[in-house]
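Below is one structure; the comments refer to it alone.
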Amino acid sequence: MTFKDFCIQRSQSKDAADIADLLTTALLGVQSEELSALYMLHYIKSGCGIDNLLSDGKDGGQYIRNRQGNQTISKRLAEDLGADTIFFRMPVTSIDQRGDICEVTTEPGNVFRGLKVIVSVPTSLYSSITFSPPLPKNKAVLSENAVMGYYSKMIFVFKEPWWQTGGSSGVMDCETGPVSFTRDTSVPIDDQWSITCFIVGERGRQWSKLSKAARLEQVWGQFSQAFSQFVDEIPEPSNVLEMEWAKQAFFLGAPCPVMTPGTLTTVGTELATPFRNVHFVGTETSHVWRGYMEGAVRSGQRGGAEVVEALSRRS
């Protein structure tokens with residue numbers, strides 16, 4: 001059953017659907033009727049409970065932000081690995097397992113060969129790669145029934161923290177309008193002052209259809225109206241940043257794939273199962289902090305360990 005039906009059934013009230021939607025859109029960018037109840041419960045458990053998932057406190061899901069952005073980690077790792085190790089602008093089109101050798105072909109026509117391949121694209125995008133031989137049936141069914149949520153951010157950067165002066169935390173939760181909630185994402189040590197607006201779920205999908213100018217106009221209008229109760233005048237932002245993962249070719253949504261009803265109980269065990277010499281990682285394959293960076297790192301460690309162990313046995 002869906003998470004919406006589960007909440008209504010357990011509470012004996014249709015009002016529970018509203019609370020269910022608040023949770024699923026905030027955490028996963030989908031409406032509560034779009035995902036399996038079992039998947040949602042497993043997701044909550046992987047983060048040690050709802051309170052912990054939403055917590056800004058120590059060890060909570062919102063506790064730490066990287067001062068210079070999450071991409072800094074990737075860039076630093078890339079520097080350590082060296083320029084001749086990572087190849088950019090070469091999306092993989094096919095993975096051919098010829099005996100003990102894996103042959104990976106990219107869009108420009110480059111071919112890479114190796115004993116093992118680790119695939120880290122979201123489960124929902126496996127169909128964008130041609131596997132030869134084809135993926136096992138259960139793996140293909142898993143990919144077909146994995147859905148990405150809608151999750152976007154629009155960040156307003158200011159010269160000073162006027163909302164703090166006005167007595168506001170920068171946190172806003174809205175039942176109407178494109179913005180579902182906001183958070184203060186300032187970095188005081190860098191004199192960087194910003195509030196991030198989160199546009200998620202079905203409200204986000206409808207907003208996404210607008211032009212860039214119209215999207216900004218709607219968000220800024222809602223933002224200004226909400227915070228005008230704290231200050232007499234809201235200054236114009238010095239910069240506006242927008243990120244729509246749904247329009248990024250190698251994501252098509254965020255934060256991670258969710259499963260539709262019946263998927264986990266039938267093919268869910270295939271999430272992290274290797275296919276011959278191809279191994280699969282990604283935050284949705286983790287049993288701990290699924291959907292978060294912690295889960296992504298753990299899945300990478302698990303996938304790397306699988307490859308090392310397999311190659312050690314072979315040698």
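To be explicit about the labels: the chains of the structure tokens are called A, B, and onward in the order shown, and within each one the residues are counted from 1, while ligands get numbers from 1 in the order they are shown.
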
Give me every helix (DSSP H, G or I) residue in stretch 43-256 of chain A, going by DSSP on the backbone, as a PyMOL selection string.
-> chain A and resi 43-46+50-54+71-81+123-128+137-144+162-165+188-190+201-208+212-227+245-247

Within stretch 155-237 of chain A, find each residue whose DSSP state, derived from the backbone, is strand (DSSP E or B), and express the selection as JSON, numbers by chain.
-> {"A": [155, 156, 157, 158, 172, 173, 181, 182, 183, 184, 187, 192, 193, 194, 195, 196, 197, 198, 199, 200]}

Find the nearest atom pair between each residue of stretch 140-204 of chain A and stretch 15-30 of chain A for residues within 9 Å, count only C-alpha atoms, give distances in Å to one decimal, sort rows by chain and ascending number, and present the table as a Markdown table.
| residue | atom | partner | partner_atom | distance |
| --- | --- | --- | --- | --- |
| A:Val147 | CA | A:Val30 | CA | 8.8 |
| A:Met148 | CA | A:Val30 | CA | 7.9 |
| A:Gly149 | CA | A:Gly29 | CA | 4.3 |
| A:Tyr150 | CA | A:Gly29 | CA | 4.7 |
| A:Tyr151 | CA | A:Gly29 | CA | 5.3 |
| A:Ser152 | CA | A:Gly29 | CA | 8.9 |
| A:Ser180 | CA | A:Ala26 | CA | 7.9 |
| A:Phe181 | CA | A:Ala26 | CA | 8.3 |
| A:Phe198 | CA | A:Ala26 | CA | 8.5 |
| A:Ile199 | CA | A:Gly29 | CA | 8.6 |
| A:Val200 | CA | A:Gly29 | CA | 5.0 |
| A:Gly201 | CA | A:Gly29 | CA | 4.4 |
| A:Glu202 | CA | A:Val30 | CA | 7.1 |
| A:Gly204 | CA | A:Gly29 | CA | 8.5 |

Only C-alpha atoms, please: the residues just picked out, written as a compact mmCIF listing (two decimals), in the first residue's frame.
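Contents of part-v8.txt, freshly written:
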# COMPACT_ATOMS: atom_id res chain seq x y z
CA VAL A 147 10.80 7.16 -8.96
CA MET A 148 12.70 10.40 -8.40
CA GLY A 149 11.01 13.18 -6.45
CA TYR A 150 10.88 16.86 -7.34
CA TYR A 151 13.27 18.90 -5.19
CA SER A 152 14.60 22.37 -6.02
CA SER A 180 7.23 24.74 1.05
CA PHE A 181 9.84 25.83 3.60
CA PHE A 198 12.85 24.69 -0.92
CA ILE A 199 10.36 23.97 -3.70
CA VAL A 200 9.25 20.34 -3.55
CA GLY A 201 6.63 17.78 -4.53
CA GLU A 202 3.65 18.47 -6.80
CA GLY A 204 7.26 22.21 -7.25

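Here atom CA of A:Ser120 is placed at a distance of 5.4 Å from atom CA of A:Gly282.
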
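Candidate residues A:Arg67, A:Leu142, A:Ala254, A:Thr283 were compared for distance to A:Thr269, and the nearest is A:Leu142, using only C-alpha atoms.
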
Which polymer residues have any atom within 9 Å of an atom of A:Thr105, counting only C-alpha atoms, with same-chain residues fewer than 6 positions away left out, as a ChimeraX atom specification?
-> /A:90-96,111-113

Output file for the selection above: C-alpha atoms, as a short mmCIF file (atom, residue, chain, number, x, y, z; two decimals), in the first residue's frame:
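Writing done, so here's part_35.cif:
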data_model
loop_
_atom_site.label_atom_id
_atom_site.label_comp_id
_atom_site.auth_asym_id
_atom_site.auth_seq_id
_atom_site.Cartn_x
_atom_site.Cartn_y
_atom_site.Cartn_z
CA MET A 90 31.98 11.35 -21.20
CA PRO A 91 28.56 9.97 -20.22
CA VAL A 92 28.46 6.19 -20.38
CA THR A 93 26.16 4.75 -23.06
CA SER A 94 26.88 1.02 -22.73
CA ILE A 95 28.54 -1.60 -20.53
CA ASP A 96 29.49 -4.82 -22.30
CA VAL A 111 36.11 2.86 -24.86
CA PHE A 112 37.45 1.86 -21.44
CA ARG A 113 38.23 -1.71 -20.42
#

Neighbouring residues of stretch 294-299 of chain A were defined as those with any atom within 9 Å, considering only C-alpha atoms; residues of the same chain fewer than 6 positions away were excluded. Please report them as a JSON list (two decimals) with N, CA, C and O atoms, in the first residue's frame.
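Output file out-v1.json is given in full below:
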[["chain", "number", "residue", "atom", "x", "y", "z"],
["A", 46, "SER", "N", 16.15, 4.08, 8.57],
["A", 46, "SER", "CA", 17.56, 4.20, 8.19],
["A", 46, "SER", "C", 18.20, 5.47, 8.75],
["A", 46, "SER", "O", 19.42, 5.56, 8.89],
["A", 272, "ALA", "N", 21.37, -3.67, -4.15],
["A", 272, "ALA", "CA", 22.84, -3.60, -4.11],
["A", 272, "ALA", "C", 23.50, -4.86, -4.66],
["A", 272, "ALA", "O", 24.71, -5.03, -4.54],
["A", 280, "PHE", "N", 26.89, -2.00, -8.00],
["A", 280, "PHE", "CA", 25.99, -0.85, -7.95],
["A", 280, "PHE", "C", 26.05, -0.16, -6.58],
["A", 280, "PHE", "O", 25.93, -0.82, -5.55],
["A", 281, "VAL", "N", 26.28, 1.15, -6.63],
["A", 281, "VAL", "CA", 26.28, 1.94, -5.40],
["A", 281, "VAL", "C", 25.35, 3.14, -5.58],
["A", 281, "VAL", "O", 24.84, 3.40, -6.66],
["A", 282, "GLY", "N", 25.15, 3.86, -4.51],
["A", 282, "GLY", "CA", 24.24, 5.00, -4.52],
["A", 282, "GLY", "C", 23.55, 5.07, -3.18],
["A", 282, "GLY", "O", 23.34, 4.04, -2.51],
["A", 283, "THR", "N", 23.17, 6.26, -2.75],
["A", 283, "THR", "CA", 22.60, 6.43, -1.41],
["A", 283, "THR", "C", 21.37, 5.57, -1.17],
["A", 283, "THR", "O", 21.12, 5.14, -0.05],
["A", 284, "GLU", "N", 20.59, 5.28, -2.24],
["A", 284, "GLU", "CA", 19.37, 4.48, -2.04],
["A", 284, "GLU", "C", 19.68, 3.02, -1.76],
["A", 284, "GLU", "O", 18.81, 2.26, -1.36],
["A", 285, "THR", "N", 20.95, 2.60, -1.97],
["A", 285, "THR", "CA", 21.33, 1.21, -1.72],
["A", 285, "THR", "C", 21.83, 1.01, -0.29],
["A", 285, "THR", "O", 22.14, -0.12, 0.10],
["A", 286, "SER", "N", 21.91, 2.08, 0.48],
["A", 286, "SER", "CA", 22.45, 1.99, 1.85],
["A", 286, "SER", "C", 21.35, 1.65, 2.84],
["A", 286, "SER", "O", 20.21, 2.09, 2.71],
["A", 287, "HIS", "N", 21.70, 0.89, 3.85],
["A", 287, "HIS", "CA", 20.75, 0.57, 4.92],
["A", 287, "HIS", "C", 20.75, 1.63, 6.02],
["A", 287, "HIS", "O", 19.86, 1.66, 6.86],
["A", 288, "VAL", "N", 21.76, 2.48, 6.01],
["A", 288, "VAL", "CA", 21.88, 3.53, 7.02],
["A", 288, "VAL", "C", 21.93, 4.89, 6.32],
["A", 288, "VAL", "O", 22.68, 5.07, 5.35]]

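Between A:Phe156 and the candidates A:Cys197, A:Ile64, A:Leu271, A:Ile101, the tightest atom-to-atom separation, counting only C-alpha atoms, involves A:Cys197.
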
Leaving out A:Glu270 and any residue of its chain fewer than 2 positions from it, which residues lie within 12 Å of it when counting only C-alpha atoms, given as a PyMOL selection string?
-> chain A and resi 123+135-143+263-268+272-275+279-281+284-285

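Atom CA of A:Arg65 is found 14.4 Å from atom CA of A:Leu53.
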
Minimum-distance residue to A:Lys153, chosen among A:Tyr63, A:Trp245, A:Tyr292, A:Phe131 (using only C-alpha atoms) = A:Trp245

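Neighbours of A:Tyr39 closer than or equal to 10 Å, with only C-alpha atoms counted and sequence neighbours fewer than 4 positions away skipped, come out as Thr2, Phe3, Leu35, Tyr43, Ile44, Lys45, Val258, Met259, Thr260, Pro261, Gly262, Thr263, Leu264, Thr265 and Gly268 of chain A.
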
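Take atom CA of A:Tyr126 and atom CA of A:Lys209: the distance between them is 25.8 Å.
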
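Neighbours of A:Asp5 closer than or equal to 9 Å, with only C-alpha atoms counted and sequence neighbours fewer than 5 positions away skipped, come out as Arg10, Lys14, Ala17, Ser32, Glu33 and Ala37 of chain A.
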